[in-house]
Number of protein chains: 2
Amino acid sequence: MAENTTTTVQEVYAELVARLKEIHDIHSVMGILHWDQEVIMPPGGGDSRAQQLATLAGLSHDKFTSPEIGEWLGQLEAAPESEFNPIELCNIRETRREYDREVKVPRRLVQELAELGSRGHHVWVQAREKNKFNDFAPLLEKMVELKKEWAKCIDPARPAYDVNIDVFERGFTMQRIDPVFERLKAELVPLIAAIQDSDYKPDTSFLQGTFPIAKQKELGQRVIRDMGFNFDNGRVDVSVHPFCGGGDCTDVRITTRYREDNFIESLYAAVHETGHALYEQGRMKDQKALPVSEALTTGVHESQSLFWERMIAQQEAFIERYCGLLAETFPESFRGIDPHTAYEAINVSQPSFIRVEADEVTYPMHVILRYEIERGLFDGSMSVKDLPEIWNDKMEAYLGVRPANDREGVLQDVHWSGGAFGYFPSYTLGAMMACQFYRALEREVPDIRDHVRNGNFQVIKDWLNRNVHSKGKLHDTDTLLTQVTGEPFNPEPFITYLQEKYTAIYRLEGNQARS
Amino acid sequence: MAENTTTTVQEVYAELVARLKEIHDIHSVMGILHWDQEVIMPPGGGDSRAQQLATLAGLSHDKFTSPEIGEWLGQLEAAPESEFNPIELCNIRETRREYDREVKVPRRLVQELAELGSRGHHVWVQAREKNKFNDFAPLLEKMVELKKEWAKCIDPARPAYDVNIDVFERGFTMQRIDPVFERLKAELVPLIAAIQDSDYKPDTSFLQGTFPIAKQKELGQRVIRDMGFNFDNGRVDVSVHPFCGGGDCTDVRITTRYREDNFIESLYAAVHETGHALYEQGRMKDQKALPVSEALTTGVHESQSLFWERMIAQQEAFIERYCGLLAETFPESFRGIDPHTAYEAINVSQPSFIRVEADEVTYPMHVILRYEIERGLFDGSMSVKDLPEIWNDKMEAYLGVRPANDREGVLQDVHWSGGAFGYFPSYTLGAMMACQFYRALEREVPDIRDHVRNGNFQVIKDWLNRNVHSKGKLHDTDTLLTQVTGEPFNPEPFITYLQEKYTAIYRLEGNQARS
């Protein structure tokens with residue numbers, strides 16, 4: 001206590017920073033270990049790896065929940081705000097948020113959740129394999145129950161589902177999401193139906209064929225490099241599920257996967273993950289170990305991957321840029337295909353059962369379906385046992401298709417097995433933000449399509465670096481969006497974008513799509 | 001204190017084991033990070049990686065030097081030995097040894113050594129590049145001084161160099177090594193001279209040429225697999241310097257390197273590292289996280305790599321085994337070469353400046369030279385500034401060649417820059433143990449050469465697994481050697497082996513070599 005009187009707040013801040021850096025190192029190491037596990041590790045190393053990750057998670061938890069952090073935060077919060085610059089204030093604010101979250105939940109519940117999550121993954125894998133939702137149902141029920149209890153510990157005054165959403169998409173609640181998703185449903189359900197009813201179907205025959213993996217790899221590396229991925233601070237590898245991970249922002253590792261009969265999936269997965277990677281590589285360098293430099297939310301991260309995947313790489317100018325290279329790389333399929341034909345083929349829309357394979361028009365319906373189910377589970381209006389039926393009914397209502405079994409229905413996603421409720425909305429909120437960002441870029445750089453056509457992606461990367469990546473957690477989502485786009489979160493640009501684009505592709509001028 | 005009366009020693013032992021496992025996990029993770037750094041990491045990730053390793057080293061140090069460990073050890077040592085089985089006794093004994101080592105050295109000195117070691121590596125790299133020993137000399141002086149101080153902390157009653165040797169080769173001291181190395185010098189200096197004077201030179205022309213790397217890779221993988229490397233629990237990759245590392249015994253990773261103009265180097269590096277890897281993969285499984293399962297000493301580890309590299313892969317039966325495959329793989333070089341000619345070529349002996357490129361006859365002289373210098377530095381009979389001259393004089397006396405500069409002389413090894421004094425003797429002590437082990441194997445399996453000729457390496461691997469790998473640290477080196485070979489450490493089999501083998505290859509029957 002006597003010491004405190006002679007310790008300045010800047011010294012206390014320095015102590016906090018030193019501790020946070022240590023924790024950051026542990027997390028970066030865990031990132032490398034996860035990457036290694038998916039890409040490199042020999043099969044027999046799995047048990048030891050799980051043990052190593054558990055040990056590091058425990059060390060990091062102990063370091064973060066130790067009482068000093070609470071004391072330091074108390075001292076820093078007691079000092080006048082003018083003692084700190086905005087970056088320091090953000091680090092203090094973010095540490096408080098995480099600290100409260102960690103210490104408010106009793107250790108017993110933390111362990112129970114970790115145990116159930118790890119068992120849950122195993123049970124889910126088995127249930128999906130056997131196509132038997134009932135094998136997974138008791139675990140899912142327990143998980144919802146624990147996540148309700150967990151939410152109560154963190155904020156008993158708010159609905160439990162909102163507290164879950166807050167982990168991924170701070171600033172968003174059911175009250176805010178409900179009208180957005182209702183509006184989206186109202187617009188997209190008829191658009192999807194109109195696309196299905198349209199007599200015009202883009203020719204996709206040239207996307208079928210055999211595409212040698214070595215050629216795909218070369219093509220992918222070229223596009224990733226063109227986008228501005230920094231290979232001095234990152235790698236590209238292969239894994240079963242594409243992801244962006246690795247260590248810190250100086251060592252960002254993305255993966256893709258290859259199928260000989262489909263190069264579009266691999267290429268666009270690479271573009272998507274590169275979008276995530278550019279966010280990570282573009283963080284504030286001098287704060288790289290501290291919360292202020294971290295990605296703002298799951299949705300904002302997704303806005304960056306989708307910005308590149310959809311707003312850039314699915315636009316016609318991008319296809320024009322690479323059509324020649326495609327013809328060179330896969331002459332048997334692409335020789336003589338004009339860019340507009342390729343553009344339409346790549347943007348084909350078709351309802352399907354599996355979310356991760358869905359196109360940009362049907363994808364939001366997969367998300368809304370899951371959101372409605374999660375909301376129902378948390379407010380008690382739905383029960384786990386009824387989910388397969390509910391799922392299939394909603395699929396029929398929104399997309400006009402009905403899954404034949406649980407594997408292509410309610411059992412397809414990994415998220416619930418680990419208790420990641422509230423994650424799904426971020427996919428679509430991110431898609432909407434991507435559209436807002438793109439509109440702003442178009443206003444600032446009116447000839448942006450020419451830049452894309454010429455492969456000058458530097459202008460895009462720099463714009464995102466400056467406006468989004470380097471901002472980290474300095475502002476909340478609405479403030480960031482207002483700074484960059486002139487308005488807070490707004491779903492309308494996304495709706496307009498889909499309607500205009502697909503009305504044109506599918507010749508819907510009679511506009512059944514405009515309800 | 002009240003608790004202790006109700007805690008059984010087995011409960012205390014369990015607490016110790018739990019802590020040791022946590023520390024083991026951290027070390028395994030550091031192993032993966034080191035491997036990643038050498039094999040995979042993008043260049044820009046270096047600073048963060050150094051930071052991550054420093055953080056983990058600090059965490060492991062804190063976990064290991066915490067007072068509980070001292071208390072637990074005290075309680076366990078106070079209990080009657082009969083409370084424990086030999087494995088448990090070994091874990092307690094080894095933990096005590098390491099714990100004393102860690103807590104006896106003041107934190108100030110630990111940090112100074114770490115700092116100097118990390119700076120030392122950088123300074124050494126620069127000095128070697130510029131070929132200027134004087135740039136490195138002040139740092140080396142400081143390092144010797146600190147390592148003397150460090151030795152005094154650990155055991156003031158023993159000569160400082162002995163305390164340094166003890167880190168790598170427990171049970172060996174100057175008093176024991178001096179006569180071994182004197183004897184070796186007396187035998188090898190004339191043998192090396194006789195080989196040089198011999199009119200007979202094996203034909204090595206077919207080892208020159210172009211050997212496509214893809215072919216070398218295939219050949220290496222085949223030999224590694226034949227030796228019994230378990231690919232479920234390991235990987236083979238490429239790095240600048242070959243090494244054996246990775247995580248724990250379920251994830252053992254070796255590397256080799258390739259030169260288009262020399263496949264022998266790569267192949268034998270792979271065999272050497274596989275020898276190390278089989279030791280690691282062969283550890284006691286149920287104790288894999290505890291000291292009892294660890295490799296006994298640096299020399300014993302080296303005895304395993306050299307066993308395979310020299311005693312097996314450099315013998316004629318091994319060449320007979322693979323001569324056909326060599327002819328298939330590199331037909332332009334190897335078609336028509338008979339096994340005996342290949343055997344002589346692969347075993348050619350020739351003094352050279354660089355230790356890591358030396359053959360089995362000249363290698364010990366490189367080691368003895370370094371040993372004599374280290375001894376001189378620690379007893380004060382040599383000073384750092386004279387080392388280039390001393391080095392070159394000894395090279396001339398022992399090998400008949402004089403380095404033209406520091407880069408091919410005193411600056412060639414990394415060891416001193418990090419303070420690893422006392423390491424070099426283990427290379428040659430290991431070579432001697434390898435010979436002892438091989439003699440024992442020959443006695444037990446008289447037709448061992450036939451097994452090698454038939455590629456039946458399982459019998460060798462099983463024998464080493466049973467007699468060496470699975471014994472870990474249960475016994476000291478002399479006890480282990482006595483159990484396996486019938487006698488304690490003995491340099492004579494090695495001397496006889498070299499004399500007989502090279503007298504035959506170089507037709508030294510007039511035997512100038514037998515002094």
# chains A, B, ... in the order shown; residues from 1 in each chain; ligands from 1
$ interface_residues --of "chain B" --to "chain A" --cutoff "10 Å" --atoms "only C-alpha atoms" --output "MDAnalysis selection string"
chainID B and resid 21:30 32:33 36 40:49 51:56 58:59 230:235 246:253 289
$ residues_around --residues "Pro425 (chain B)" --least-positions-apart "2" --cutoff "10 Å" --atoms "only C-alpha atoms" --output "list in words"
Ile165, Phe168, Glu169, Phe172, Ile177, Phe181, Thr298, Gly299, Pro364, His366, Val367, Ile368, Leu369, Arg370, Tyr371, Glu372, Phe421, Gly422, Tyr423, Tyr427, Thr428, Leu429 and Gly430 of chain B
$ closest_residue --among "B:Phe307, B:Tyr200, B:Tyr322, B:Phe84" --to "Leu278 (chain B)" --atoms "only C-alpha atoms"
B:Phe307
$ atom_distance --atom1 "CA of Cys90 (chain A)" --atom2 "CA of Lys471 (chain A)"
11.1 Å
$ select_by_dssp --residues "region 94-293 of chain A" --states "strand (DSSP E)" --output "JSON, numbers by chain"
{"A": [234, 235, 236, 237, 238, 244, 245, 246, 252, 253, 254, 255, 256]}
$ residues_around --residues "Phe136 (chain A)" --least-positions-apart "4" --cutoff "12 Å" --atoms "only C-alpha atoms" --output "PyMOL selection string"
chain A and resi 116+119-132+140-143+384-385+387-388+406-407+410-412+414+416-417
$ write_last_selection --atoms "N, CA, C and O atoms" --output "CSV table (one decimal), in the first residue's frame"
chain,number,residue,atom,x,y,z
A,116,LEU,N,-17.6,-30.0,-21.2
A,116,LEU,CA,-18.7,-30.3,-22.1
A,116,LEU,C,-18.4,-30.0,-23.5
A,116,LEU,O,-18.8,-30.7,-24.4
A,119,ARG,N,-16.1,-32.7,-24.9
A,119,ARG,CA,-16.9,-33.9,-25.1
A,119,ARG,C,-17.9,-33.7,-26.2
A,119,ARG,O,-18.1,-34.6,-27.0
A,120,GLY,N,-18.4,-32.5,-26.2
A,120,GLY,CA,-19.5,-32.2,-27.2
A,120,GLY,C,-19.0,-32.3,-28.6
A,120,GLY,O,-19.7,-32.9,-29.5
A,121,HIS,N,-17.7,-32.0,-28.9
A,121,HIS,CA,-17.2,-32.1,-30.2
A,121,HIS,C,-17.2,-33.5,-30.7
A,121,HIS,O,-17.6,-33.9,-31.8
A,122,HIS,N,-16.7,-34.4,-29.8
A,122,HIS,CA,-16.7,-35.8,-30.0
A,122,HIS,C,-18.1,-36.4,-30.3
A,122,HIS,O,-18.3,-37.1,-31.3
A,123,VAL,N,-19.0,-36.1,-29.4
A,123,VAL,CA,-20.3,-36.6,-29.5
A,123,VAL,C,-21.0,-36.1,-30.8
A,123,VAL,O,-21.6,-36.9,-31.5
A,124,TRP,N,-20.8,-34.8,-31.2
A,124,TRP,CA,-21.3,-34.3,-32.4
A,124,TRP,C,-20.8,-35.0,-33.6
A,124,TRP,O,-21.5,-35.4,-34.5
A,125,VAL,N,-19.4,-35.2,-33.6
A,125,VAL,CA,-18.8,-35.9,-34.8
A,125,VAL,C,-19.5,-37.3,-35.0
A,125,VAL,O,-19.8,-37.7,-36.1
A,126,GLN,N,-19.6,-38.0,-33.8
A,126,GLN,CA,-20.2,-39.3,-33.9
A,126,GLN,C,-21.7,-39.3,-34.4
A,126,GLN,O,-22.1,-40.1,-35.2
A,127,ALA,N,-22.4,-38.3,-33.8
A,127,ALA,CA,-23.8,-38.3,-34.1
A,127,ALA,C,-24.0,-37.9,-35.6
A,127,ALA,O,-24.9,-38.5,-36.3
A,128,ARG,N,-23.2,-37.0,-36.1
A,128,ARG,CA,-23.3,-36.6,-37.5
A,128,ARG,C,-23.0,-37.8,-38.4
A,128,ARG,O,-23.6,-38.0,-39.4
A,129,GLU,N,-21.9,-38.5,-38.0
A,129,GLU,CA,-21.5,-39.7,-38.8
A,129,GLU,C,-22.7,-40.7,-38.9
A,129,GLU,O,-23.0,-41.2,-39.9
A,130,LYS,N,-23.3,-40.9,-37.7
A,130,LYS,CA,-24.4,-41.9,-37.6
A,130,LYS,C,-25.8,-41.2,-38.1
A,130,LYS,O,-26.8,-41.9,-38.1
A,131,ASN,N,-25.7,-39.9,-38.3
A,131,ASN,CA,-26.9,-39.2,-38.8
A,131,ASN,C,-28.0,-39.3,-37.8
A,131,ASN,O,-29.2,-39.5,-38.1
A,132,LYS,N,-27.7,-39.2,-36.5
A,132,LYS,CA,-28.7,-39.4,-35.4
A,132,LYS,C,-28.7,-38.2,-34.5
A,132,LYS,O,-27.9,-38.2,-33.5
A,140,LEU,N,-26.7,-31.1,-26.2
A,140,LEU,CA,-27.0,-29.8,-26.6
A,140,LEU,C,-27.9,-29.1,-25.6
A,140,LEU,O,-27.8,-27.9,-25.3
A,141,GLU,N,-28.8,-29.9,-25.0
A,141,GLU,CA,-29.7,-29.4,-24.0
A,141,GLU,C,-28.9,-28.9,-22.8
A,141,GLU,O,-29.1,-27.8,-22.3
A,142,LYS,N,-27.9,-29.7,-22.4
A,142,LYS,CA,-27.1,-29.3,-21.3
A,142,LYS,C,-26.3,-28.1,-21.6
A,142,LYS,O,-26.1,-27.2,-20.7
A,143,MET,N,-25.8,-28.0,-22.8
A,143,MET,CA,-25.0,-26.9,-23.2
A,143,MET,C,-25.8,-25.6,-23.2
A,143,MET,O,-25.3,-24.5,-22.7
A,384,VAL,N,-35.1,-28.6,-27.6
A,384,VAL,CA,-34.1,-29.3,-28.4
A,384,VAL,C,-34.6,-30.5,-29.2
A,384,VAL,O,-34.3,-30.6,-30.4
A,385,LYS,N,-35.5,-31.2,-28.6
A,385,LYS,CA,-36.0,-32.4,-29.2
A,385,LYS,C,-36.8,-32.1,-30.6
A,385,LYS,O,-36.8,-32.9,-31.4
A,387,LEU,N,-35.9,-29.8,-32.7
A,387,LEU,CA,-35.1,-29.0,-33.7
A,387,LEU,C,-35.1,-29.6,-35.1
A,387,LEU,O,-35.1,-28.8,-36.1
A,388,PRO,N,-34.9,-30.9,-35.3
A,388,PRO,CA,-34.9,-31.4,-36.7
A,388,PRO,C,-36.1,-31.0,-37.5
A,388,PRO,O,-36.0,-30.6,-38.6
A,406,ASP,N,-30.6,-35.6,-40.9
A,406,ASP,CA,-30.0,-34.7,-39.9
A,406,ASP,C,-28.6,-34.2,-40.4
A,406,ASP,O,-28.2,-33.1,-40.0
A,407,ARG,N,-27.9,-35.1,-41.0
A,407,ARG,CA,-26.6,-34.7,-41.4
A,407,ARG,C,-26.5,-33.5,-42.4
A,407,ARG,O,-25.7,-32.7,-42.3
A,410,VAL,N,-29.9,-30.3,-39.3
A,410,VAL,CA,-29.6,-29.8,-38.0
A,410,VAL,C,-28.2,-30.2,-37.5
A,410,VAL,O,-27.7,-29.5,-36.6
A,411,LEU,N,-27.6,-31.2,-38.0
A,411,LEU,CA,-26.3,-31.7,-37.5
A,411,LEU,C,-25.1,-31.1,-38.2
A,411,LEU,O,-23.9,-31.5,-38.0
A,412,GLN,N,-25.3,-30.2,-39.2
A,412,GLN,CA,-24.2,-29.9,-40.1
A,412,GLN,C,-23.1,-29.0,-39.5
A,412,GLN,O,-21.9,-29.1,-39.9
A,414,VAL,N,-20.5,-27.2,-36.6
A,414,VAL,CA,-19.8,-27.5,-35.4
A,414,VAL,C,-20.1,-26.6,-34.2
A,414,VAL,O,-19.9,-27.0,-33.0
A,416,TRP,N,-22.5,-25.4,-32.2
A,416,TRP,CA,-23.3,-25.7,-31.0
A,416,TRP,C,-22.6,-26.7,-30.1
A,416,TRP,O,-22.7,-26.6,-28.9
A,417,SER,N,-21.8,-27.6,-30.7
A,417,SER,CA,-21.2,-28.6,-29.9
A,417,SER,C,-20.2,-28.0,-29.0
A,417,SER,O,-19.9,-28.5,-27.9
$ select_by_dssp --residues "region 210-449 of chain B" --states "helix (DSSP H, G or I)" --output "VMD selection string"
chain B and resid 213 to 227 231 to 233 263 to 281 285 to 287 291 to 293 298 to 312 316 to 329 331 to 334 339 to 346 355 to 357 363 to 379 384 to 399 415 to 418 425 to 444 448 to 449
$ residues_around --residues "Tyr258 (chain A)" --least-positions-apart "2" --cutoff "10 Å" --atoms "only C-alpha atoms" --output "compact mmCIF listing (two decimals) with all heavy atoms, in the first residue's frame"
# COMPACT_ATOMS: atom_id res chain seq x y z
N PHE A 211 -9.17 -30.12 -62.91
CA PHE A 211 -8.27 -28.98 -62.75
C PHE A 211 -7.09 -29.40 -61.88
O PHE A 211 -7.22 -29.51 -60.66
CB PHE A 211 -9.03 -27.81 -62.11
CG PHE A 211 -10.30 -27.45 -62.84
CD1 PHE A 211 -11.53 -27.97 -62.44
CD2 PHE A 211 -10.25 -26.63 -63.96
CE1 PHE A 211 -12.69 -27.67 -63.13
CE2 PHE A 211 -11.42 -26.31 -64.66
CZ PHE A 211 -12.64 -26.84 -64.24
N PRO A 212 -5.93 -29.68 -62.52
CA PRO A 212 -4.78 -30.22 -61.78
C PRO A 212 -4.43 -29.34 -60.57
O PRO A 212 -4.42 -28.11 -60.67
CB PRO A 212 -3.65 -30.19 -62.81
CG PRO A 212 -4.32 -30.15 -64.14
CD PRO A 212 -5.61 -29.44 -63.94
N ILE A 213 -4.17 -29.99 -59.44
CA ILE A 213 -3.98 -29.26 -58.19
C ILE A 213 -2.75 -28.36 -58.27
O ILE A 213 -2.76 -27.24 -57.74
CB ILE A 213 -3.93 -30.26 -57.02
CG1 ILE A 213 -5.38 -30.72 -56.75
CG2 ILE A 213 -3.35 -29.63 -55.77
CD1 ILE A 213 -5.52 -31.89 -55.84
N ALA A 214 -1.69 -28.82 -58.94
CA ALA A 214 -0.49 -27.97 -59.05
C ALA A 214 -0.83 -26.65 -59.74
O ALA A 214 -0.36 -25.58 -59.34
CB ALA A 214 0.60 -28.71 -59.82
N GLN A 216 -3.88 -25.24 -59.83
CA GLN A 216 -4.73 -24.48 -58.91
C GLN A 216 -3.88 -23.72 -57.90
O GLN A 216 -4.15 -22.59 -57.54
CB GLN A 216 -5.68 -25.41 -58.17
CG GLN A 216 -6.78 -26.00 -59.01
CD GLN A 216 -7.85 -26.65 -58.13
OE1 GLN A 216 -8.31 -26.08 -57.16
NE2 GLN A 216 -8.25 -27.87 -58.50
N LYS A 217 -2.85 -24.42 -57.40
CA LYS A 217 -1.96 -23.86 -56.39
C LYS A 217 -1.28 -22.60 -56.93
O LYS A 217 -1.22 -21.57 -56.26
CB LYS A 217 -0.90 -24.90 -56.05
CG LYS A 217 -0.59 -25.00 -54.58
CD LYS A 217 0.19 -26.26 -54.30
CE LYS A 217 0.09 -26.62 -52.82
NZ LYS A 217 0.50 -27.99 -52.57
N VAL A 238 -2.21 -26.05 -46.77
CA VAL A 238 -3.41 -26.83 -47.07
C VAL A 238 -3.94 -27.47 -45.79
O VAL A 238 -3.15 -27.95 -44.97
CB VAL A 238 -3.06 -27.95 -48.09
CG1 VAL A 238 -4.26 -28.85 -48.34
CG2 VAL A 238 -2.57 -27.35 -49.39
N SER A 239 -5.25 -27.43 -45.58
CA SER A 239 -5.85 -28.15 -44.45
C SER A 239 -7.24 -28.62 -44.84
O SER A 239 -7.76 -28.24 -45.89
CB SER A 239 -5.92 -27.24 -43.22
OG SER A 239 -6.84 -26.19 -43.46
N VAL A 240 -7.82 -29.46 -44.01
CA VAL A 240 -9.14 -30.02 -44.33
C VAL A 240 -10.19 -28.91 -44.45
O VAL A 240 -10.97 -28.86 -45.39
CB VAL A 240 -9.56 -31.07 -43.27
CG1 VAL A 240 -10.96 -31.59 -43.58
CG2 VAL A 240 -8.57 -32.22 -43.25
N PRO A 242 -10.48 -24.74 -44.65
CA PRO A 242 -9.68 -23.51 -44.78
C PRO A 242 -9.84 -22.63 -43.55
O PRO A 242 -10.93 -22.55 -42.97
CB PRO A 242 -10.31 -22.82 -46.00
CG PRO A 242 -11.00 -23.90 -46.76
CD PRO A 242 -11.48 -24.86 -45.73
N THR A 256 -5.99 -23.28 -47.51
CA THR A 256 -7.10 -23.58 -48.39
C THR A 256 -7.10 -25.08 -48.60
O THR A 256 -6.35 -25.80 -47.96
CB THR A 256 -7.00 -22.80 -49.73
OG1 THR A 256 -8.19 -23.04 -50.49
CG2 THR A 256 -5.77 -23.19 -50.52
N GLU A 260 -9.87 -31.69 -57.20
CA GLU A 260 -9.51 -31.73 -58.62
C GLU A 260 -10.65 -31.34 -59.52
O GLU A 260 -10.44 -30.83 -60.62
CB GLU A 260 -9.03 -33.15 -59.00
CG GLU A 260 -7.54 -33.33 -58.85
CD GLU A 260 -6.93 -33.99 -60.07
OE1 GLU A 260 -7.53 -34.96 -60.57
OE2 GLU A 260 -5.84 -33.54 -60.52
N ASP A 261 -11.90 -31.56 -59.05
CA ASP A 261 -13.04 -31.32 -59.94
C ASP A 261 -13.68 -29.94 -59.73
O ASP A 261 -14.72 -29.65 -60.30
CB ASP A 261 -14.11 -32.42 -59.75
CG ASP A 261 -14.65 -32.42 -58.33
OD1 ASP A 261 -14.04 -31.78 -57.44
OD2 ASP A 261 -15.69 -33.06 -58.10
N ASN A 262 -13.05 -29.09 -58.89
CA ASN A 262 -13.65 -27.80 -58.60
C ASN A 262 -12.57 -26.84 -58.13
O ASN A 262 -12.11 -26.93 -57.00
CB ASN A 262 -14.72 -27.98 -57.50
CG ASN A 262 -15.44 -26.68 -57.20
OD1 ASN A 262 -14.96 -25.59 -57.48
ND2 ASN A 262 -16.62 -26.80 -56.60
N PHE A 263 -12.18 -25.91 -59.00
CA PHE A 263 -11.12 -24.99 -58.56
C PHE A 263 -11.70 -23.70 -57.99
O PHE A 263 -11.02 -22.98 -57.27
CB PHE A 263 -10.17 -24.66 -59.73
CG PHE A 263 -10.71 -23.64 -60.69
CD1 PHE A 263 -10.38 -22.30 -60.54
CD2 PHE A 263 -11.54 -24.02 -61.72
CE1 PHE A 263 -10.88 -21.34 -61.43
CE2 PHE A 263 -12.04 -23.07 -62.62
CZ PHE A 263 -11.71 -21.73 -62.47
N ILE A 264 -12.97 -23.43 -58.29
CA ILE A 264 -13.59 -22.18 -57.82
C ILE A 264 -13.65 -22.17 -56.29
O ILE A 264 -13.31 -21.18 -55.63
CB ILE A 264 -15.02 -22.06 -58.40
CG1 ILE A 264 -14.93 -21.77 -59.89
CG2 ILE A 264 -15.80 -20.98 -57.69
CD1 ILE A 264 -14.39 -20.39 -60.24
N GLU A 265 -14.03 -23.30 -55.70
CA GLU A 265 -14.15 -23.39 -54.25
C GLU A 265 -12.82 -23.06 -53.58
O GLU A 265 -12.75 -22.26 -52.65
CB GLU A 265 -14.60 -24.80 -53.86
CG GLU A 265 -14.91 -24.94 -52.40
CD GLU A 265 -15.14 -26.40 -52.00
OE1 GLU A 265 -15.97 -27.06 -52.66
OE2 GLU A 265 -14.47 -26.86 -51.06
N SER A 266 -11.75 -23.68 -54.08
CA SER A 266 -10.43 -23.45 -53.49
C SER A 266 -9.97 -22.01 -53.67
O SER A 266 -9.47 -21.37 -52.75
CB SER A 266 -9.43 -24.40 -54.14
OG SER A 266 -8.12 -23.95 -53.92
N LEU A 267 -10.17 -21.49 -54.88
CA LEU A 267 -9.71 -20.13 -55.18
C LEU A 267 -10.43 -19.11 -54.30
O LEU A 267 -9.79 -18.23 -53.70
CB LEU A 267 -9.94 -19.83 -56.66
CG LEU A 267 -9.48 -18.45 -57.12
CD1 LEU A 267 -7.97 -18.31 -56.96
CD2 LEU A 267 -9.88 -18.20 -58.57
N ALA A 269 -12.01 -19.70 -51.48
CA ALA A 269 -11.63 -19.91 -50.08
C ALA A 269 -10.32 -19.17 -49.79
O ALA A 269 -10.16 -18.52 -48.76
CB ALA A 269 -11.48 -21.40 -49.77
$ atom_distance --atom1 "CA of Asp203 (chain A)" --atom2 "CA of Arg259 (chain A)"
20.8 Å
$ atom_distance --atom1 "CA of His301 (chain B)" --atom2 "CA of Ala270 (chain B)"
15.3 Å
$ residues_around --residues "Arg310 (chain B)" --least-positions-apart "2" --cutoff "9 Å" --atoms "only C-alpha atoms" --output "list in words"
Tyr268, His272, Ser305, Leu306, Phe307, Trp308, Ile312, Ala313, Gln314, Gln315, Glu360, Ala431 and Ala434 of chain B
$ closest_residue --among "B:Gly400, B:Gly455, B:Gly409, B:Gly117" --to "Cys323 (chain B)" --atoms "only C-alpha atoms"
B:Gly455
$ residues_around --residues "Arg449 (chain A)" --least-positions-apart "3" --cutoff "7 Å" --atoms "only C-alpha atoms" --output "list in words"
Ala317, Val452 and Arg453 of chain A
$ closest_residue --among "B:Lys152, B:His475, B:Lys285, B:Lys461" --to "Arg225 (chain B)" --atoms "only C-alpha atoms"
B:Lys461
